[in-house]
>>> print(open('structure.txt').read())   # compact mmCIF, C-alpha atoms
# COMPACT_ATOMS: atom_id res chain seq x y z
CA MET L 333 -21.73 -49.41 12.04
CA ALA L 334 -21.12 -45.98 10.56
CA ASN L 335 -21.65 -42.98 12.77
CA PRO L 336 -24.45 -40.90 11.10
CA ASP L 337 -22.77 -37.65 12.18
CA ASN L 338 -19.52 -38.65 10.48
CA SER L 339 -21.22 -39.73 7.28
CA ASP L 340 -23.06 -36.38 7.05
CA ALA L 341 -19.78 -34.53 7.44
CA LEU L 342 -18.03 -36.73 4.90
CA LYS L 343 -20.91 -36.31 2.45
CA ALA L 344 -20.56 -32.55 2.84
CA PHE L 345 -16.89 -32.86 1.85
CA SER L 346 -17.79 -34.84 -1.26
CA ASP L 347 -20.12 -32.02 -2.38
CA ILE L 348 -17.42 -29.35 -2.51
CA ASP L 349 -16.28 -27.92 -5.82
CA ARG L 350 -13.03 -29.61 -6.78
CA VAL L 351 -12.09 -26.86 -9.19
CA VAL L 352 -12.03 -24.36 -6.32
CA HIS L 353 -10.71 -26.84 -3.78
CA GLU L 354 -7.25 -27.17 -5.32
CA PRO L 355 -4.98 -24.97 -3.12
CA SER L 356 -3.39 -23.01 -5.94
CA ARG L 357 -6.71 -22.28 -7.61
CA LEU L 358 -8.24 -21.40 -4.26
CA SER L 359 -5.43 -18.88 -3.73
CA ILE L 360 -5.96 -17.42 -7.21
CA LEU L 361 -9.70 -17.06 -6.67
CA ALA L 362 -9.23 -15.57 -3.20
CA HIS L 363 -6.90 -12.90 -4.58
CA LEU L 364 -9.18 -12.09 -7.51
CA TYR L 365 -12.15 -11.98 -5.13
CA VAL L 366 -10.67 -9.14 -3.05
CA ILE L 367 -9.51 -6.94 -5.94
CA GLU L 368 -11.13 -5.59 -9.09
CA SER L 369 -8.67 -7.13 -11.55
CA ALA L 370 -5.00 -7.98 -11.87
CA ASP L 371 -2.53 -9.02 -14.48
CA PHE L 372 -0.59 -12.23 -14.73
CA ILE L 373 2.55 -10.88 -13.08
CA PHE L 374 0.68 -9.55 -10.03
CA LEU L 375 -1.09 -12.85 -9.49
CA MET L 376 2.16 -14.73 -9.90
CA ARG L 377 3.80 -12.57 -7.21
CA GLN L 378 0.83 -12.83 -4.86
CA THR L 379 0.26 -16.57 -5.15
CA GLY L 380 3.93 -17.58 -5.37
CA LEU L 381 3.20 -19.90 -8.28
CA THR L 382 5.55 -20.36 -11.21
CA TRP L 383 4.67 -18.99 -14.61
CA GLY L 384 3.68 -22.34 -16.11
CA ASN L 385 1.80 -23.46 -13.02
CA LEU L 386 -0.24 -20.27 -12.89
CA SER L 387 -1.00 -20.48 -16.59
CA SER L 388 -2.29 -24.02 -16.21
CA HIS L 389 -4.56 -23.19 -13.27
CA LEU L 390 -5.89 -20.05 -14.95
CA SER L 391 -6.84 -22.13 -18.01
CA LYS L 392 -8.77 -24.50 -15.78
CA LEU L 393 -10.55 -21.63 -14.03
CA GLU L 394 -11.37 -19.96 -17.33
CA THR L 395 -12.76 -23.22 -18.73
CA SER L 396 -14.98 -23.51 -15.64
CA GLY L 397 -16.20 -19.96 -16.20
CA TYR L 398 -14.86 -18.70 -12.87
CA ILE L 399 -12.51 -16.07 -14.29
CA GLU L 400 -12.39 -14.01 -17.44
CA ILE L 401 -9.20 -13.10 -19.25
CA GLU L 402 -9.08 -9.76 -20.98
CA LYS L 403 -6.26 -9.36 -23.47
CA GLN L 404 -5.35 -5.82 -24.47
CA PHE L 405 -2.40 -3.86 -25.74
CA LYS L 406 -0.56 -1.08 -23.96
CA GLY L 407 1.16 0.54 -26.86
CA LYS L 408 2.77 -2.41 -28.59
CA LYS L 409 3.03 -4.59 -25.48
CA PRO L 410 0.34 -7.18 -24.76
CA ASN L 411 -1.28 -6.86 -21.36
CA THR L 412 -3.54 -9.54 -19.91
CA MET L 413 -5.93 -8.60 -17.11
CA LEU L 414 -7.74 -11.24 -15.10
CA ARG L 415 -11.04 -10.80 -13.34
CA ILE L 416 -13.27 -13.12 -11.34
CA THR L 417 -16.73 -13.64 -12.87
CA ASP L 418 -20.01 -13.58 -10.97
CA LYS L 419 -20.10 -17.36 -11.34
CA GLY L 420 -16.60 -17.55 -9.87
CA ARG L 421 -17.56 -15.25 -7.02
CA GLY L 422 -20.56 -17.44 -6.25
CA ALA L 423 -18.48 -20.61 -6.46
CA PHE L 424 -15.87 -19.19 -4.10
CA LEU L 425 -18.43 -18.10 -1.51
CA ASP L 426 -20.28 -21.40 -1.84
CA TYR L 427 -17.03 -23.31 -1.33
CA ARG L 428 -16.20 -21.33 1.80
CA GLN L 429 -19.63 -21.92 3.26
CA LYS L 430 -19.63 -25.65 2.50
CA MET L 431 -16.13 -26.16 3.90
CA LYS L 432 -17.04 -24.28 7.06
CA GLN L 433 -20.18 -26.38 7.50
CA ALA L 434 -18.34 -29.60 6.78
CA LEU L 435 -15.55 -28.80 9.23
CA ASP L 436 -18.02 -27.70 11.88
CA GLN L 437 -19.88 -31.02 11.53
CA LEU L 438 -16.78 -33.10 12.13
CA PRO L 439 -16.74 -34.50 15.68
CA GLU L 440 -13.91 -33.63 18.08
CA MET C 543 -7.04 -26.84 5.72
CA LYS C 544 -7.74 -23.27 6.57
CA THR C 545 -10.84 -22.01 4.74
CA ASP C 546 -11.83 -19.10 6.91
CA PHE C 547 -8.83 -17.01 5.90
CA ASP C 548 -9.14 -13.30 6.39
CA LEU C 549 -10.11 -11.78 3.05
CA LYS C 550 -9.74 -8.25 4.39
CA LYS C 551 -6.18 -9.02 5.46
CA LEU C 552 -5.50 -10.51 2.03
CA GLU C 553 -6.71 -7.33 0.35
CA ARG C 554 -4.70 -5.13 2.73
CA THR C 555 -1.54 -7.15 2.10
CA ALA C 556 -2.04 -6.95 -1.67
CA TRP C 557 -2.64 -3.19 -1.41
CA ARG C 558 0.47 -2.62 0.68
CA LEU C 559 2.60 -4.74 -1.61
CA PHE C 560 1.35 -3.01 -4.73
CA ASN C 561 1.79 0.55 -3.46
CA PHE C 562 4.41 0.69 -0.76
CA LYS C 563 6.75 -2.27 -1.10
CA ASP C 564 9.08 -0.42 -3.44
CA GLY C 565 9.61 2.54 -1.10
CA LEU C 566 9.08 5.11 -3.84
CA TRP C 567 6.29 6.95 -2.06
CA ASP C 568 8.59 7.27 0.95
CA ILE C 569 11.03 9.18 -1.25
CA ILE C 570 8.43 11.76 -2.25
CA LEU C 571 7.14 11.98 1.32
CA GLY C 572 10.66 12.71 2.51
CA ALA C 573 10.97 15.43 -0.13
CA LEU C 574 7.67 16.93 1.02
CA ILE C 575 8.88 16.96 4.62
CA ILE C 576 12.08 18.75 3.60
CA TYR C 577 10.13 21.27 1.54
CA PHE C 578 7.60 21.84 4.30
CA GLY C 579 10.36 22.36 6.83
CA ARG C 580 12.30 24.78 4.67
CA THR C 581 9.44 26.88 3.40
CA SER C 582 6.86 27.20 6.14
CA LEU C 583 8.89 29.03 8.75
CA LEU C 584 11.53 30.97 6.89
CA VAL C 585 10.91 34.49 5.74
CA GLU C 586 12.84 34.45 2.46
CA ASP C 587 11.45 32.99 -0.73
CA ASN C 588 12.22 29.29 -1.03
CA VAL C 589 10.53 28.44 -4.30
CA HIS C 590 13.71 26.72 -5.47
CA TYR C 591 13.08 24.07 -2.81
CA SER C 592 10.01 23.06 -4.79
CA TYR C 593 12.43 21.51 -7.28
CA ILE C 594 12.97 18.80 -4.67
CA ILE C 595 9.29 17.91 -4.99
CA TRP C 596 9.28 17.88 -8.77
CA ALA C 597 12.46 15.80 -8.91
CA SER C 598 11.06 13.28 -6.41
CA LEU C 599 7.76 13.09 -8.26
CA LEU C 600 9.63 12.35 -11.48
CA VAL C 601 11.65 9.63 -9.74
CA VAL C 602 8.48 8.06 -8.33
CA LEU C 603 6.53 8.16 -11.60
CA LEU C 604 9.40 6.77 -13.66
CA GLY C 605 10.20 4.20 -11.01
CA LYS C 606 6.60 2.99 -10.85
CA LYS C 607 6.34 2.74 -14.64
CA PHE C 608 9.70 1.23 -15.55
CA VAL C 609 10.73 -0.65 -12.44
CA THR C 610 7.84 -1.53 -10.13
CA SER C 611 5.16 -2.47 -12.66
CA ARG C 612 7.61 -4.73 -14.51
CA ARG C 613 8.34 -6.58 -11.30
CA LEU C 614 4.99 -6.48 -9.53
CA GLY C 615 2.52 -6.25 -12.36
CA GLN C 616 -0.72 -4.31 -12.48
CA ALA C 617 -3.77 -4.46 -10.24
CA ARG C 618 -6.97 -2.50 -9.87
CA PHE C 619 -8.48 -2.36 -6.42
CA LYS C 620 -12.10 -1.96 -5.48
CA LYS C 621 -13.90 1.36 -5.11
CA ASP C 622 -13.92 1.39 -1.33
CA ARG C 623 -10.14 1.23 -1.35
CA THR C 624 -10.03 4.18 -3.77
CA ILE C 625 -12.32 6.10 -1.44
CA LYS C 626 -9.99 5.38 1.47
CA VAL C 627 -7.05 6.72 -0.54
CA PHE C 628 -8.99 9.87 -1.40
CA ILE C 629 -9.81 10.40 2.27
CA SER C 630 -6.14 9.89 3.13
CA PHE C 631 -5.07 12.58 0.68
CA LEU C 632 -7.74 14.85 2.16
CA VAL C 633 -6.29 14.21 5.59
CA ILE C 634 -2.80 15.01 4.27
CA ALA C 635 -4.13 18.32 2.97
CA VAL C 636 -5.72 19.01 6.36
CA LEU C 637 -2.41 18.05 7.99
CA ILE C 638 -0.49 20.62 5.98
CA PHE C 639 -3.15 23.27 6.61
CA ALA C 640 -3.42 22.50 10.34
CA ALA C 641 0.32 22.48 10.90
CA ASN C 642 0.68 25.76 9.03
CA ALA C 643 -2.23 27.20 11.00
CA LEU C 644 -0.59 26.10 14.23
CA MET C 645 2.61 27.80 13.23
CA GLY C 646 0.73 31.06 12.69
CA GLN C 647 0.98 31.07 8.90
CA PHE C 648 -2.78 31.45 8.59
CA GLU C 649 -5.01 33.69 10.59
CA ILE C 650 -6.99 30.69 11.79
CA GLY C 651 -3.93 29.74 13.85
CA THR C 652 -4.50 32.64 16.20
CA ILE C 653 -8.20 31.84 16.47
CA VAL C 654 -7.96 28.08 17.01
CA TYR C 655 -4.85 28.14 19.15
CA PRO C 656 -4.90 31.54 20.89
CA ASP C 657 -2.57 30.54 23.70
CA LEU C 658 0.05 29.10 21.42
CA CYS C 659 2.38 32.02 21.56
CA GLY C 660 4.51 32.55 24.65
CA PRO C 661 5.03 35.92 26.38
CA ASN C 662 7.78 37.06 23.97
CA CYS C 663 5.87 36.26 20.81
CA ASN C 664 7.46 37.77 17.71
CA PRO C 665 4.92 38.05 14.85
CA GLY C 666 7.65 37.35 12.33
CA LEU C 667 8.80 34.17 14.02
CA PRO C 668 6.35 32.69 16.55
CA VAL C 669 7.62 31.53 19.92
CA TYR C 670 5.48 28.83 21.41
CA SER C 671 4.46 28.09 24.94
CA ASN C 672 5.11 24.54 26.19
CA TYR C 673 1.44 23.84 25.70
CA GLY C 674 1.69 25.04 22.11
CA ILE C 675 4.74 22.92 21.40
CA ALA C 676 3.03 19.81 22.77
CA LEU C 677 -0.11 20.57 20.78
CA LEU C 678 1.91 21.06 17.59
CA ALA C 679 3.73 17.74 18.05
CA ILE C 680 0.54 15.87 18.88
CA THR C 681 -1.28 17.34 15.88
CA VAL C 682 1.52 16.32 13.53
CA PHE C 683 1.68 12.80 14.97
CA VAL C 684 -2.10 12.31 14.99
CA CYS C 685 -2.41 13.39 11.37
CA PHE C 686 0.32 10.96 10.31
CA GLY C 687 -1.38 8.34 12.44
CA ILE C 688 -4.71 8.82 10.67
CA VAL C 689 -3.04 8.43 7.30
CA ALA C 690 -1.08 5.39 8.53
CA PHE C 691 -4.28 3.76 9.78
CA SER C 692 -6.27 4.39 6.62
CA LEU C 693 -3.47 3.31 4.28
CA ASN C 694 -2.51 0.37 6.55
CA THR C 695 1.14 1.42 6.42
CA TRP C 696 2.77 1.12 9.79
CA ARG C 697 5.99 2.92 9.07
CA LEU C 698 3.98 6.13 8.70
CA TYR C 699 3.60 6.06 12.49
CA PHE C 700 7.39 6.22 12.74
CA TYR C 701 7.48 9.04 10.20
CA GLY C 702 4.86 10.85 12.28
CA LEU C 703 7.12 10.51 15.30
CA LEU C 704 10.06 11.85 13.28
CA CYS C 705 8.08 14.86 12.09
CA ALA C 706 6.63 15.57 15.53
CA THR C 707 10.18 15.57 16.92
CA ALA C 708 11.32 17.78 14.06
CA ALA C 709 8.46 20.20 14.79
CA ILE C 710 9.49 20.40 18.45
CA MET C 711 13.14 20.93 17.48
CA ARG C 712 12.16 23.58 14.98
CA VAL C 713 10.48 25.77 17.56
CA THR C 714 12.71 25.05 20.56
CA ALA C 715 16.24 24.41 19.32
CA ASP C 716 18.73 27.13 18.43
CA ARG C 717 20.06 27.74 14.94
CA PRO C 718 21.27 25.97 12.87
CA PHE C 719 19.89 22.70 14.26
CA GLY C 720 16.36 24.03 14.67
CA ASN C 721 16.29 25.21 11.06
CA ILE C 722 17.37 21.89 9.62
CA SER C 723 15.33 19.54 11.84
CA PHE C 724 12.72 18.93 9.14
CA SER C 725 15.47 18.44 6.58
CA ILE C 726 17.03 15.77 8.80
CA ALA C 727 13.65 14.06 9.20
CA GLY C 728 12.99 14.31 5.47
CA PHE C 729 16.37 12.87 4.53
CA ALA C 730 15.84 10.03 6.99
CA VAL C 731 12.54 9.19 5.27
CA ILE C 732 14.17 9.39 1.83
CA LEU C 733 16.96 7.11 3.03
CA ILE C 734 14.42 4.57 4.29
CA GLY C 735 12.67 4.80 0.92
CA LEU C 736 15.92 4.14 -0.92
CA VAL C 737 16.75 1.15 1.28
CA LEU C 738 13.28 -0.25 0.66
CA PHE C 739 13.71 0.31 -3.06
CA LEU C 740 17.05 -1.51 -3.16
CA ARG C 741 15.58 -4.37 -1.14
CA PHE C 742 12.65 -4.47 -3.53
CA LEU C 743 14.98 -4.70 -6.54
CA LYS C 744 16.82 -7.61 -4.90
CA GLU C 745 13.65 -9.45 -3.87
CA TYR C 746 11.68 -9.06 -7.09
CA THR C 747 13.51 -9.93 -10.28
CA PRO C 748 12.04 -8.64 -13.55
CA VAL C 749 9.40 -10.98 -14.90
CA SER C 750 11.21 -11.55 -18.18
CA THR C 751 14.08 -13.04 -16.13
CA VAL C 752 11.61 -15.16 -14.12
CA ARG C 753 10.12 -16.55 -17.32
CA ARG C 754 13.54 -17.45 -18.66
CA ILE C 755 14.32 -19.25 -15.39
CA CYS C 756 11.04 -21.18 -15.65
CA ASN C 757 11.83 -22.08 -19.25
CA GLY C 758 15.31 -23.26 -18.21
CA ASP C 759 17.03 -20.68 -20.38
CA ILE C 760 19.09 -19.34 -17.49
CA ASP C 761 20.22 -20.60 -14.12
CA GLY C 762 17.89 -19.28 -11.39
CA GLN C 763 20.69 -19.43 -8.82
CA SER C 764 22.92 -16.84 -10.55
>>> encode(input="structure.txt", output="structure tokens")
Amino acid sequence: MANPDNSDALKAFSDIDRVVHEPSRLSILAHLYVIESADFIFLMRQTGLTWGNLSSHLSKLETSGYIEIEKQFKGKKPNTMLRITDKGRGAFLDYRQKMKQALDQLPE
Amino acid sequence: MKTDFDLKKLERTAWRLFNFKDGLWDIILGALIIYFGRTSLLVEDNVHYSYIIWASLLVVLLGKKFVTSRRLGQARFKKDRTIKVFISFLVIAVLIFAANALMGQFEIGTIVYPDLCGPNCNPGLPVYSNYGIALLAITVFVCFGIVAFSLNTWRLYFYGLLCATAAIMRVTADRPFGNISFSIAGFAVILIGLVLFLRFLKEYTPVSTVRRICNGDIDGQS
């Protein structure tokens, strides 16, 4: 017979946002949450991800509407700045709250 | 899985990395210390020492533009961080004013610290009582400490200690050591900055090279 406390905790885990939950994307969102904006290189250095890996995760986050990518030119050189959206900010905070609640509900 | 990670610590780490990892600001700070030491207490005109400042500023600006940003990228921090930086620069200005006031360069020095001068006080070159020397050193260290705390840069505490020691040497030691104490401290700070810069160059390869490694164009081990 399933323990009702455990099933509540496990249900809480199933409700979390899988886009945010992936560790690399979580790291990206956390870094963008604490700063105004950053370019690709800065995020790559901060998260420790490879170029291709970071690019792939940023595409996923952009598709989900959690980040916005602003492409501009500095002289002749392209410069891409990344910023978390309000939706992304909300998703990140929601994820943190849900994970905290879910982990707190787990029995010892 | 850790979810309650410290966001403030994350921001502080990003800030420190972005601004101070390359050691360039240490170079200009060292130049400022040398300039301050050579110009505040000597009678003759030392405007040519200001070239040290301009040269260091040029090195820092060019270094940030052509070396650091290509390796670390660009980031914009939030307004409260900008406010903290502004307050830090204000404190630095107060530091310079207070230290000069202490050393009798401004009239306020004799008002705020009336007992600073010992019994054989020479208006041209102040001689400090032990109390005055201690107060000078503490003021220098506290001001560096305030800046270190607000900028979250711990090596500024060490620089504060260096400058406090230099200040004590300046007013107590005989020539020529007393005269060059700030220069020694300044060069030590510049040297630390250069070491940090070289370490930074080794640790952070240019991004174009990183991309070529990721694409398999070049061997990442070489």
>>> interface_residues(input="structure.txt", of="chain L", to="chain C", cutoff="6 Å", atoms="all atoms listed in the file", output="PyMOL selection string")
chain L and resi 366-371+373-374
>>> atom_distance(input="structure.txt", atom1="CA of Glu400 in chain L", atom2="CA of Arg558 in chain C")
25.0 Å
>>> closest_residue(input="structure.txt", among="L:Leu438, L:Ile401, L:Leu393, L:Leu386", to="Lys419 in chain L", atoms="all atoms listed in the file")
L:Leu393
>>> atom_distance(input="structure.txt", atom1="CA of Leu740 in chain C", atom2="CA of Ile360 in chain L")
28.3 Å
>>> atom_distance(input="structure.txt", atom1="CA of Lys430 in chain L", atom2="CA of Lys392 in chain L")
21.3 Å
>>> closest_residue(input="structure.txt", among="L:Lys408, L:Arg428, L:His363, L:Arg350", to="Leu375 in chain L", atoms="all atoms listed in the file")
L:His363
>>> residues_around(input="structure.txt", residues="Ile570 in chain C", least_positions_apart="5", cutoff="7 Å", atoms="only C-alpha atoms", output="PDB file with C-alpha atoms, keeping the file's coordinate frame")
ATOM      1  CA  ILE C 595       9.290  17.910  -4.990  1.00  0.00           C
ATOM      2  CA  SER C 598      11.060  13.280  -6.410  1.00  0.00           C
ATOM      3  CA  LEU C 599       7.760  13.090  -8.260  1.00  0.00           C
TER       4      LEU C 599
END
>>> closest_residue(input="structure.txt", among="C:Val609, C:Val627, C:Cys685, C:Ala676", to="Leu698 in chain C", atoms="only C-alpha atoms")
C:Cys685
>>> residues_around(input="structure.txt", residues="Gly420 in chain L", least_positions_apart="2", cutoff="9 Å", atoms="all atoms listed in the file", output="tab-separated table (two decimals) with C-alpha atoms, in the frame of the given file")
chain	number	residue	atom	x	y	z
L	352	VAL	CA	-12.03	-24.36	-6.32
L	361	LEU	CA	-9.70	-17.06	-6.67
L	365	TYR	CA	-12.15	-11.98	-5.13
L	393	LEU	CA	-10.55	-21.63	-14.03
L	396	SER	CA	-14.98	-23.51	-15.64
L	397	GLY	CA	-16.20	-19.96	-16.20
L	398	TYR	CA	-14.86	-18.70	-12.87
L	399	ILE	CA	-12.51	-16.07	-14.29
L	416	ILE	CA	-13.27	-13.12	-11.34
L	417	THR	CA	-16.73	-13.64	-12.87
L	418	ASP	CA	-20.01	-13.58	-10.97
L	422	GLY	CA	-20.56	-17.44	-6.25
L	423	ALA	CA	-18.48	-20.61	-6.46
L	424	PHE	CA	-15.87	-19.19	-4.10
L	425	LEU	CA	-18.43	-18.10	-1.51
>>> closest_residue(input="structure.txt", among="L:Leu358, L:Asp436, L:Met431, L:Arg415", to="Phe345 in chain L", atoms="only C-alpha atoms")
L:Met431
>>> residues_around(input="structure.txt", residues="Ile629 in chain C", least_positions_apart="5", cutoff="12 Å", atoms="all atoms listed in the file", output="JSON, numbers by chain")
{"C": [622, 623, 624, 634, 635, 636, 688, 689, 690, 691, 692, 693]}
